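Student: So I've got this file, input.txt, and it contains compact mmCIF, C-alpha atoms:
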# COMPACT_ATOMS: atom_id res chain seq x y z
CA MET A 100 6.25 -50.48 52.15
CA SER A 101 4.52 -47.68 54.01
CA SER A 102 2.91 -44.83 52.09
CA LEU A 103 5.19 -42.28 53.72
CA ASP A 104 8.37 -43.79 52.42
CA PRO A 105 10.82 -40.89 51.98
CA LEU A 106 11.93 -42.27 48.63
CA ILE A 107 8.40 -42.04 47.29
CA ILE A 108 8.04 -38.47 48.51
CA LEU A 109 11.39 -37.60 46.96
CA SER A 110 10.37 -39.18 43.65
CA ALA A 111 7.09 -37.31 43.67
CA VAL A 112 8.83 -33.98 44.20
CA ALA A 113 11.43 -34.86 41.60
CA VAL A 114 8.70 -35.64 39.07
CA VAL A 115 6.51 -32.65 39.69
CA TYR A 116 9.06 -29.84 39.54
CA PRO A 117 10.77 -30.64 36.20
CA ALA A 118 7.48 -31.56 34.55
CA TRP A 119 5.88 -28.32 35.71
CA LYS A 120 8.85 -26.26 34.55
CA LEU A 121 9.13 -27.92 31.15
CA VAL A 122 5.44 -27.55 30.38
CA LYS A 123 5.30 -23.96 31.65
CA ASP A 124 8.33 -22.85 29.65
CA TYR A 125 7.20 -24.60 26.50
CA LEU A 126 3.77 -23.01 26.69
CA ALA A 127 5.34 -19.63 27.39
CA LEU A 128 7.58 -19.96 24.35
CA ASN A 129 4.54 -20.48 22.17
CA ARG A 130 2.40 -17.92 23.97
CA ASN A 131 5.01 -15.20 23.52
CA ARG A 132 5.13 -15.88 19.83
CA GLN A 133 3.62 -12.54 18.88
CA THR A 134 5.85 -10.53 21.17
CA ILE A 135 8.95 -12.36 20.08
CA VAL A 136 8.16 -11.87 16.40
CA GLU A 137 7.49 -8.19 16.94
CA SER A 138 10.60 -7.73 19.04
CA ILE A 139 12.71 -9.28 16.31
CA ILE A 140 11.33 -6.90 13.70
CA LEU A 141 11.66 -4.03 16.09
CA ARG A 142 15.26 -4.88 16.74
CA LYS A 143 15.93 -4.81 13.04
CA TRP A 144 14.31 -1.39 12.80
CA VAL A 145 16.16 -0.12 15.79
CA LYS A 146 19.46 -1.30 14.41
CA ASP A 147 18.74 0.49 11.17
CA PHE A 148 17.82 3.59 13.10
CA TYR A 149 21.06 3.34 14.96
CA SER A 150 23.00 3.38 11.75
CA ALA A 151 20.94 6.11 10.15
CA ALA A 152 21.57 8.64 12.80
CA LEU A 153 19.83 11.89 12.04
CA CYS A 154 16.08 12.20 12.01
CA ARG A 155 15.48 9.04 14.04
CA ALA A 156 16.34 10.63 17.33
CA GLU A 157 12.75 10.40 18.43
CA ILE A 158 12.46 6.68 18.03
CA ARG A 159 15.90 6.12 19.40
CA ASN A 160 15.11 7.99 22.55
CA LYS A 161 11.72 6.52 23.14
CA VAL A 162 12.21 2.95 22.05
CA VAL A 163 15.85 2.02 22.19
CA ARG A 164 16.36 3.26 25.67
CA LYS A 165 13.45 1.21 26.89
CA ILE A 166 14.68 -1.90 25.17
CA VAL A 167 18.20 -1.50 26.40
CA ILE A 168 17.20 -0.84 29.96
CA SER A 169 14.61 -3.57 30.39
CA PRO A 170 15.84 -6.26 28.07
CA SER A 171 14.81 -9.43 29.81
CA ASP A 172 11.11 -8.81 29.72
CA LEU A 173 9.73 -10.36 26.59
CA ASN A 174 6.19 -9.69 27.74
CA HIS A 175 6.71 -6.06 27.10
CA PHE A 176 3.86 -5.27 24.77
CA GLU A 177 4.10 -1.58 25.51
CA ILE A 178 7.44 -1.18 23.80
CA VAL A 179 6.14 -2.83 20.70
CA LYS A 180 2.94 -0.82 20.78
CA LYS A 181 4.76 2.45 21.16
CA ALA A 182 7.20 1.56 18.43
CA TYR A 183 4.32 0.65 16.18
CA GLU A 184 2.66 4.00 16.80
CA LEU A 185 5.88 5.76 15.94
CA LEU A 186 6.23 3.67 12.83
CA VAL A 187 2.71 4.61 11.79
CA GLN A 188 3.59 8.26 12.23
CA LYS A 189 6.58 7.76 9.99
CA ASP A 190 4.54 5.84 7.45
CA LEU A 191 6.54 2.67 7.92
CA SER A 192 3.75 0.46 9.19
CA LYS A 193 3.20 -1.32 5.89
CA ASP A 194 6.71 -2.71 5.90
CA PHE A 195 6.29 -3.72 9.52
CA VAL A 196 3.25 -5.82 8.69
CA LYS A 197 5.00 -7.37 5.72
CA ALA A 198 8.03 -8.30 7.78
CA LYS A 199 5.77 -9.70 10.47
CA ILE A 200 4.11 -12.07 8.05
CA VAL A 201 7.45 -13.33 6.75
CA ILE A 202 8.85 -13.89 10.23
CA ASP A 203 5.66 -15.47 11.48
CA MET A 204 5.86 -18.04 8.71
CA ASN A 205 9.35 -19.10 9.68
CA TYR A 206 8.93 -18.78 13.41
CA ASP A 207 10.77 -21.98 14.32
CA GLN A 208 13.75 -21.19 12.15
CA ILE A 209 13.83 -17.65 13.47
CA ILE A 210 13.90 -18.90 17.03
CA GLU A 211 16.75 -21.22 16.17
CA HIS A 212 18.59 -18.45 14.42
CA TYR A 213 18.20 -15.87 17.11
CA SER A 214 18.95 -18.17 19.98
CA TYR A 215 21.92 -19.70 18.13
CA ALA A 216 20.52 -23.17 18.61
CA VAL A 217 21.14 -24.01 14.99
CA GLU A 218 23.06 -27.16 15.81
CA ALA A 219 19.91 -29.11 16.50
CA LYS A 220 18.46 -30.77 13.46
CA GLY A 221 15.11 -29.58 12.20
CA GLU A 222 13.27 -32.83 12.64
CA TYR A 223 14.67 -33.39 16.09
CA LYS A 224 12.15 -31.35 18.02
CA LEU A 225 12.76 -32.63 21.53
CA TRP A 226 15.45 -30.11 22.25
CA LYS A 227 12.98 -27.29 22.01
CA LEU A 228 10.80 -28.85 24.68
CA PHE A 229 13.68 -29.47 27.05
CA ASN A 230 15.29 -26.07 26.57
CA ALA A 231 12.30 -23.78 26.17
CA GLY A 232 13.25 -21.63 29.13
CA LEU A 233 16.87 -21.28 28.09
CA LEU A 234 15.77 -20.49 24.56
CA GLN A 235 13.74 -17.59 25.86
CA SER A 236 16.67 -16.29 27.91
CA ALA A 237 18.98 -16.55 24.93
CA LEU A 238 16.43 -14.80 22.77
CA SER A 239 15.93 -11.90 25.11
CA GLN A 240 19.68 -11.60 25.59
CA ARG A 241 20.11 -11.46 21.85
CA LEU A 242 17.21 -9.11 21.22
CA SER A 243 18.42 -6.69 23.84
CA SER A 244 21.96 -6.45 22.52
CA ILE A 245 21.85 -3.73 19.95
CA ARG A 246 25.18 -2.04 20.33
CA PRO A 247 27.94 -3.81 18.41
CA ALA A 248 30.05 -4.27 21.53
CA ASP A 249 27.24 -6.10 23.31
CA GLU A 250 26.55 -8.17 20.27
CA ALA A 251 30.08 -9.53 20.08
CA SER A 252 29.97 -10.93 23.60
CA SER A 253 26.39 -12.09 23.30
CA SER A 254 27.18 -14.05 20.17
CA ILE A 255 29.83 -16.09 21.95
CA LEU A 256 27.42 -16.57 24.83
CA GLY A 257 24.83 -17.69 22.32
CA LEU A 258 27.14 -20.25 20.74
CA MET A 259 27.97 -21.56 24.19
CA LEU A 260 24.31 -21.81 25.08
CA GLY A 261 23.65 -23.65 21.84
CA LYS A 262 26.23 -26.25 22.81
CA ARG A 263 24.80 -26.45 26.30
CA MET A 264 21.30 -26.95 24.99
CA GLN A 265 22.54 -29.83 22.89
CA ALA A 266 24.23 -31.35 25.92
CA TYR A 267 21.17 -30.84 28.11
CA THR A 268 18.97 -32.57 25.57
CA ARG A 269 21.25 -35.58 25.41
CA ALA A 270 21.53 -35.70 29.19
CA TYR A 271 17.74 -35.67 29.50
CA GLY A 272 17.57 -38.44 26.94
CA TYR A 273 20.00 -40.70 28.79
CA LEU A 274 18.39 -39.98 32.16
CA ILE A 275 14.94 -40.80 30.80
CA ALA A 276 16.38 -43.99 29.31
CA SER A 277 17.85 -44.93 32.68
CA LEU A 278 14.54 -44.09 34.32
CA CYS A 279 12.82 -46.50 31.94
CA ALA A 280 15.47 -49.16 32.58
CA GLY A 281 15.15 -48.66 36.34
CA SER A 282 11.37 -48.88 36.34
CA ILE A 283 11.33 -51.98 34.12
CA LEU A 284 13.80 -53.68 36.43
CA TYR A 285 11.71 -52.56 39.39
CA MET A 286 8.58 -54.09 37.89
CA ILE A 287 10.10 -57.43 36.97
CA SER A 288 12.09 -57.94 40.16
CA ASN A 289 11.09 -59.29 43.55
CA THR A 290 13.50 -57.30 45.71
CA GLU A 291 11.85 -53.92 46.08
CA TYR A 292 14.10 -51.46 47.81
CA SER A 293 17.09 -51.44 45.51
CA TYR A 294 15.00 -50.90 42.40
CA MET A 295 12.97 -48.18 44.02
CA LEU A 296 16.31 -46.42 44.35
CA GLY A 297 16.93 -47.16 40.70
CA VAL A 298 13.77 -45.22 39.88
CA THR A 299 14.39 -42.41 42.34
CA LEU A 300 17.99 -41.76 41.38
CA PRO A 301 17.31 -40.80 37.74
CA LEU A 302 14.32 -38.73 38.84
CA VAL A 303 16.42 -36.81 41.33
CA LEU A 304 19.12 -36.25 38.74
CA ILE A 305 16.53 -34.98 36.24
CA CYS A 306 15.38 -32.59 38.94
CA VAL A 307 18.95 -31.43 39.56
CA LEU A 308 19.45 -30.92 35.83
CA THR A 309 16.29 -28.81 35.68
CA ILE A 310 17.43 -26.73 38.64
CA ASN A 311 20.75 -26.18 36.89
CA GLN A 312 18.94 -24.93 33.79
CA LYS A 313 16.67 -22.71 35.84
CA VAL A 314 19.57 -21.12 37.73
CA LEU A 315 21.40 -20.51 34.48
CA GLU A 316 18.30 -18.82 33.06
CA TYR A 317 18.03 -16.70 36.16
CA ARG A 318 21.64 -15.58 35.92
CA ILE A 319 21.33 -14.73 32.24
CA ASN A 320 18.06 -12.87 32.66
CA HIS A 321 19.41 -10.76 35.49
CA GLY A 322 22.72 -10.11 33.80
CA TYR A 323 24.77 -11.95 36.41
CA PHE A 324 26.21 -14.49 34.02
CA GLY A 325 29.87 -13.87 33.35
CA ASN A 326 30.58 -11.53 36.23
CA ASN A 327 33.08 -13.71 38.03
CA ALA A 328 36.36 -15.32 37.16
CA SER A 329 35.19 -18.90 36.87
CA GLU A 330 32.42 -18.05 34.41
CA ALA A 331 34.84 -15.95 32.41
CA LYS A 332 37.10 -19.00 32.33
CA GLU A 333 34.18 -21.03 31.04
CA PHE A 334 33.95 -18.67 28.08
CA ILE A 335 37.66 -18.92 27.46
CA TYR A 336 37.63 -22.72 27.64
CA PHE A 337 34.84 -22.69 25.12
CA VAL A 338 36.79 -20.49 22.76
CA TYR A 339 39.85 -22.70 23.17
CA ALA A 340 37.85 -25.83 22.51
CA HIS A 341 36.65 -24.36 19.24
CA SER A 342 39.91 -22.96 18.07
CA ASP A 343 41.76 -24.22 15.06
CA LYS A 344 44.22 -26.85 16.24
CA SER A 345 46.42 -26.73 13.17
CA ASP A 346 47.66 -23.21 13.03
CA PHE A 347 50.95 -21.72 12.14
CA SER A 348 51.13 -18.90 14.64
CA ASP A 349 53.00 -18.74 17.92
CA GLY A 350 51.88 -22.09 19.22
CA ASP A 351 49.36 -22.17 22.10
CA ARG A 352 46.75 -21.61 19.40
CA MET A 353 47.23 -17.92 20.07
CA LYS A 354 48.28 -15.14 17.88
CA LYS A 355 50.51 -12.77 19.74
CA LEU A 356 48.64 -10.58 22.19
CA MET A 357 51.21 -7.89 21.64
CA PRO A 358 54.69 -7.83 20.16
CA ASP A 359 57.46 -8.82 22.55
CA LEU A 360 59.18 -5.93 24.19
CA GLN A 361 62.69 -5.52 22.94
CA ALA A 362 65.13 -5.90 25.75
CA CYS A 363 66.91 -2.70 26.59
CA PRO A 364 70.64 -2.98 26.28
CA ASP A 365 72.30 -2.61 29.64
CA ASN A 366 74.66 0.15 28.74
CA GLU A 367 72.59 2.51 26.76
CA VAL A 368 74.66 5.17 25.21
CA VAL A 369 73.09 8.54 24.66
CA VAL A 370 74.98 10.81 22.44
CA TYR A 371 74.72 14.55 22.84
CA GLY A 372 76.60 16.56 20.34
CA GLY A 373 79.30 14.04 19.80
CA GLU A 374 79.98 13.49 23.50
CA ALA A 375 79.15 10.05 24.85
CA ILE A 376 77.51 9.77 28.27
CA ALA A 377 77.24 6.28 29.72
CA MET B 72 20.07 -8.43 48.27
CA SER B 73 20.86 -8.71 44.60
CA GLU B 74 24.46 -9.51 45.42
CA PHE B 75 23.28 -12.23 47.74
CA LEU B 76 21.08 -13.70 45.01
CA ASP B 77 23.98 -13.45 42.60
CA LYS B 78 26.24 -15.40 44.93
CA LEU B 79 23.54 -17.92 45.84
CA SER B 80 22.64 -18.64 42.25
CA PHE B 81 26.31 -18.93 41.38
CA SER B 82 26.92 -21.47 44.15
CA ILE B 83 23.95 -23.56 43.10
CA LYS B 84 25.08 -23.40 39.50
CA LEU B 85 28.64 -24.33 40.41
CA ALA B 86 27.49 -27.28 42.50
CA THR B 87 25.22 -28.67 39.82
CA ASP B 88 27.56 -27.81 36.95
CA ILE B 89 30.20 -30.14 38.32
CA LEU B 90 27.93 -33.07 37.60
CA PHE B 91 26.33 -32.00 34.40
CA VAL B 92 27.94 -29.26 32.46
CA LYS B 93 31.47 -30.45 32.19
CA ASN B 94 30.29 -33.76 30.89
CA PRO B 95 26.51 -34.09 30.96
CA VAL B 96 26.39 -37.08 28.70
CA GLY B 97 29.03 -38.91 30.70
CA THR B 98 27.20 -38.45 33.95
CA SER B 99 23.81 -39.44 32.68
CA MET B 100 25.25 -42.40 30.80
CA GLY B 101 27.01 -43.35 34.01
CA VAL B 102 23.67 -43.52 35.78
CA LEU B 103 22.22 -45.61 32.97
CA LEU B 104 25.21 -47.94 33.06
CA GLY B 105 24.91 -48.21 36.84
CA ILE B 106 21.28 -49.22 36.70
CA VAL B 107 21.84 -51.68 33.89
CA LEU B 108 24.84 -53.18 35.70
CA ASP B 109 22.81 -53.47 38.87
CA GLY B 110 20.04 -55.25 37.02
CA GLY B 111 22.55 -57.51 35.31
CA ALA B 112 24.34 -58.33 38.54
CA ASN B 113 21.10 -59.09 40.32
CA SER B 114 19.80 -61.32 37.60
CA ALA B 115 23.16 -63.09 37.52
CA ALA B 116 23.23 -63.36 41.31
CA PRO B 117 22.72 -67.15 41.35
CA PHE B 118 25.79 -67.48 39.16
CA PHE B 119 27.89 -65.21 41.37
CA SER B 120 26.81 -67.03 44.50
CA THR B 121 28.61 -70.10 43.23
CA ILE B 122 31.84 -68.15 43.39
CA GLN B 123 32.51 -67.69 47.05
CA THR B 124 35.09 -64.93 46.71
CA ILE B 125 32.72 -62.40 45.14
CA LYS B 126 30.12 -61.14 47.51
CA SER B 127 27.79 -59.15 45.33
CA ALA B 128 24.94 -58.73 47.77
CA GLY B 129 26.56 -55.72 49.43
CA VAL B 130 26.78 -53.73 46.22
CA GLY B 131 23.73 -51.57 45.62
CA VAL B 132 22.55 -49.52 42.69
CA LEU B 133 24.13 -46.40 44.16
CA HIS B 134 27.53 -48.04 44.05
CA TYR B 135 27.07 -49.08 40.46
CA ALA B 136 25.85 -45.61 39.47
CA ALA B 137 28.73 -43.97 41.31
CA PHE B 138 31.10 -46.30 39.52
CA GLY B 139 29.51 -45.44 36.18
CA ILE B 140 29.61 -41.68 36.79
CA PHE B 141 33.20 -41.88 37.93
CA GLY B 142 34.22 -44.00 34.99
CA PHE B 143 32.61 -41.76 32.40
CA ASN B 144 33.99 -38.59 33.96
CA LEU B 145 37.51 -39.86 34.47
CA LYS B 146 38.50 -39.13 30.88
CA THR B 147 37.33 -35.50 30.99
CA TRP B 148 39.00 -35.03 34.32
CA LEU B 149 42.30 -36.30 33.01
CA LYS B 150 42.02 -34.26 29.84
CA ARG B 151 41.13 -30.96 31.51
CA ASP B 152 43.23 -28.16 30.17
CA GLU B 153 44.46 -25.03 31.80
CA VAL B 154 44.04 -21.48 30.67
CA ASP B 155 47.06 -19.58 29.50
CA PRO B 156 48.84 -18.33 32.68
CA LYS B 157 48.80 -14.74 31.43
CA ILE B 158 45.03 -14.79 31.10
CA LYS B 159 44.66 -16.59 34.40
CA GLU B 160 46.71 -13.89 36.07
CA ALA B 161 44.54 -11.17 34.58
CA LEU B 162 41.35 -12.90 35.69
CA ASP B 163 42.68 -13.43 39.20
CA PHE B 164 43.73 -9.80 39.36
CA ILE B 165 40.22 -8.63 38.55
CA ASP B 166 38.85 -11.08 41.09
CA ALA B 167 41.16 -9.66 43.75
CA GLN B 168 40.07 -6.13 42.89
CA VAL B 169 36.46 -7.14 43.38
CA GLN B 170 37.33 -8.75 46.71
CA GLN B 171 39.02 -5.56 47.85
CA GLY B 172 36.01 -3.53 46.80
CA ARG B 173 37.81 -1.49 44.18
CA LEU B 174 35.59 -2.75 41.39
CA THR B 175 31.88 -3.38 41.38
CA ARG B 176 30.52 -6.58 39.93
CA ILE B 177 29.24 -4.79 36.87
CA GLN B 178 32.59 -3.18 36.20
CA ALA B 179 34.25 -6.54 36.68
CA LYS B 180 31.89 -8.07 34.15
CA SER B 181 32.88 -5.54 31.52
CA ARG B 182 36.56 -6.19 32.27
CA TYR B 183 36.01 -9.91 31.84
CA ASN B 184 34.20 -9.20 28.60
CA GLU B 185 37.19 -7.23 27.40
CA ILE B 186 39.48 -10.16 28.13
CA ILE B 187 37.13 -12.58 26.40
CA ALA B 188 36.93 -10.29 23.39
CA LYS B 189 40.70 -10.16 23.33
CA VAL B 190 40.93 -13.95 23.43
CA VAL B 191 38.34 -14.33 20.67
CA GLU B 192 40.23 -11.81 18.62
CA ASN B 193 43.50 -13.63 19.09
CA VAL B 194 42.47 -17.24 18.85
CA ARG B 195 41.82 -18.55 15.41
CA LEU B 196 38.45 -20.25 15.57
CA ASP B 197 38.02 -23.41 13.57
CA SER B 198 36.27 -22.88 10.27
CA ALA B 199 32.88 -24.31 11.26
CA THR B 200 32.52 -22.16 14.37
CA ALA B 201 33.79 -19.04 12.63
CA GLU B 202 31.33 -19.58 9.84
CA ARG B 203 28.45 -19.92 12.24
CA LEU B 204 29.52 -16.86 14.14
CA ASN B 205 29.59 -14.85 10.93
CA LYS B 206 26.23 -16.17 9.86
CA LEU B 207 24.67 -15.37 13.20
CA ALA B 208 26.17 -11.93 13.40
CA LYS B 209 23.83 -10.77 10.65
Render the structure in this file as structure tokens.

Tutor:
Amino acid sequence: MSSLDPLIILSAVAVVYPAWKLVKDYLALNRNRQTIVESIILRKWVKDFYSAALCRAEIRNKVVRKIVISPSDLNHFEIVKKAYELLVQKDLSKDFVKAKIVIDMNYDQIIEHYSYAVEAKGEYKLWKLFNAGLLQSALSQRLSSIRPADEASSSILGLMLGKRMQAYTRAYGYLIASLCAGSILYMISNTEYSYMLGVTLPLVLICVLTINQKVLEYRINHGYFGNNASEAKEFIYFVYAHSDKSDFSDGDRMKKLMPDLQACPDNEVVVYGGEAIA
Amino acid sequence: MSEFLDKLSFSIKLATDILFVKNPVGTSMGVLLGIVLDGGANSAAPFFSTIQTIKSAGVGVLHYAAFGIFGFNLKTWLKRDEVDPKIKEALDFIDAQVQQGRLTRIQAKSRYNEIIAKVVENVRLDSATAERLNKLAK
């Protein structure tokens, strides 16, 4: 077999890209720890400020607007810094530090909570490695949705992403298993070509899976996700799949969207002063 | 430019979703099954060669994997369900408006969100999901 076999080149590419992405995202998730923790506390503050309307106008103008406009950027230390300064002015910094310590202690749980990935079991850590990038997207999506209307749609998105993350993890698991099976068969066999394909195929599929994740992240980060009919349908399928099957409403698992219009009788009779006009 | 990127990323997502998102476990298990079957068939090749009617040499790992993927996805494909026609009509209407340039993508997104919110409001979620949604809403 020559060294420039296309299958070998393909395998090499298919190894390097997913590995690079997984490691990069996982490191980023841990590196952004401080920012994420501070953003979470900040979001809590901001939400409180939203509800307590009056004297918080200053913070709302300076901080909230920034967060709402540039939500996807978790590396945004400036927002946090500015908010912290404002909090110091308002003598709230002590509470901020206290909250930071609490959240820092439960960082993993907080990440699970805020990215809705609560389905994964605590001891089963692999999912965090495989979905680090998506976790960050989900987090920033969640942290940036402060208005109640945004939050409602982002919570369904979050649940959907949680399910997807679970599925991605299992898919990675099976593909890695088939990669192992393929390479073992390749090593113990004498016919080379077919088993080389058995190694390359899982690698290429892992690469495709990674690209799928990356594109999804991109669409979420840039706010494209959900802006066409087929993605809206995806949401609706998800809601259907998680609806209660045994209900007693109208059938179709739906309550009525609106009451049925009552049919107008054909010959409506309007009575004016005792005189009937057909 | 951003619209182009939007469409490009959507096409890539759509193409790769078909394999993985509808049934990611099925597809990847199909690959695993294919490779295992291929290994099994090759190690049992001396046995098959005694039966003249089966010619197993022409079947490669790709065929087995394709068979596995197809087999595992067949069930989901058969069980696919359709959206309520009323909702489908509404979604298609918005899509048509975007095509005609009467709505921007961002406006369309908020319309879709309205429909989704309506569906969520009107569908009774099963207890586990509803519970999680409530817990997470805090």

Student: Write down, as a count of residues only, each residue of chain B that has any atom within 8 Å of an atom of chain A, counting only C-alpha atoms.

Tutor: 49

Student: Considering all atoms listed in the file, can you say which of A:Val136, A:Phe337, A:Ala231, A:Leu238 comes closest to Lys123 (chain A)?

Tutor: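 Looking only at the distances to Lys123 (chain A), the closest residue turns out to be A:Ala231.
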
Student: How many Å lie between CA of Tyr125 (chain A) and CA of Leu228 (chain A), rounded to one decimal?

Tutor: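 So the two atoms, CA of Tyr125 (chain A) and CA of Leu228 (chain A), lie 5.9 Å apart.
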
Student: Grab the CA of Ile140 (chain A) to CA of Leu242 (chain A) distance for me, in Å with one decimal place.

Tutor: 9.8 Å

Student: Tell me, in Å to one decimal, how far CA of Leu126 (chain A) is from CA of Leu76 (chain B).

Tutor: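 The value is 26.9 Å.
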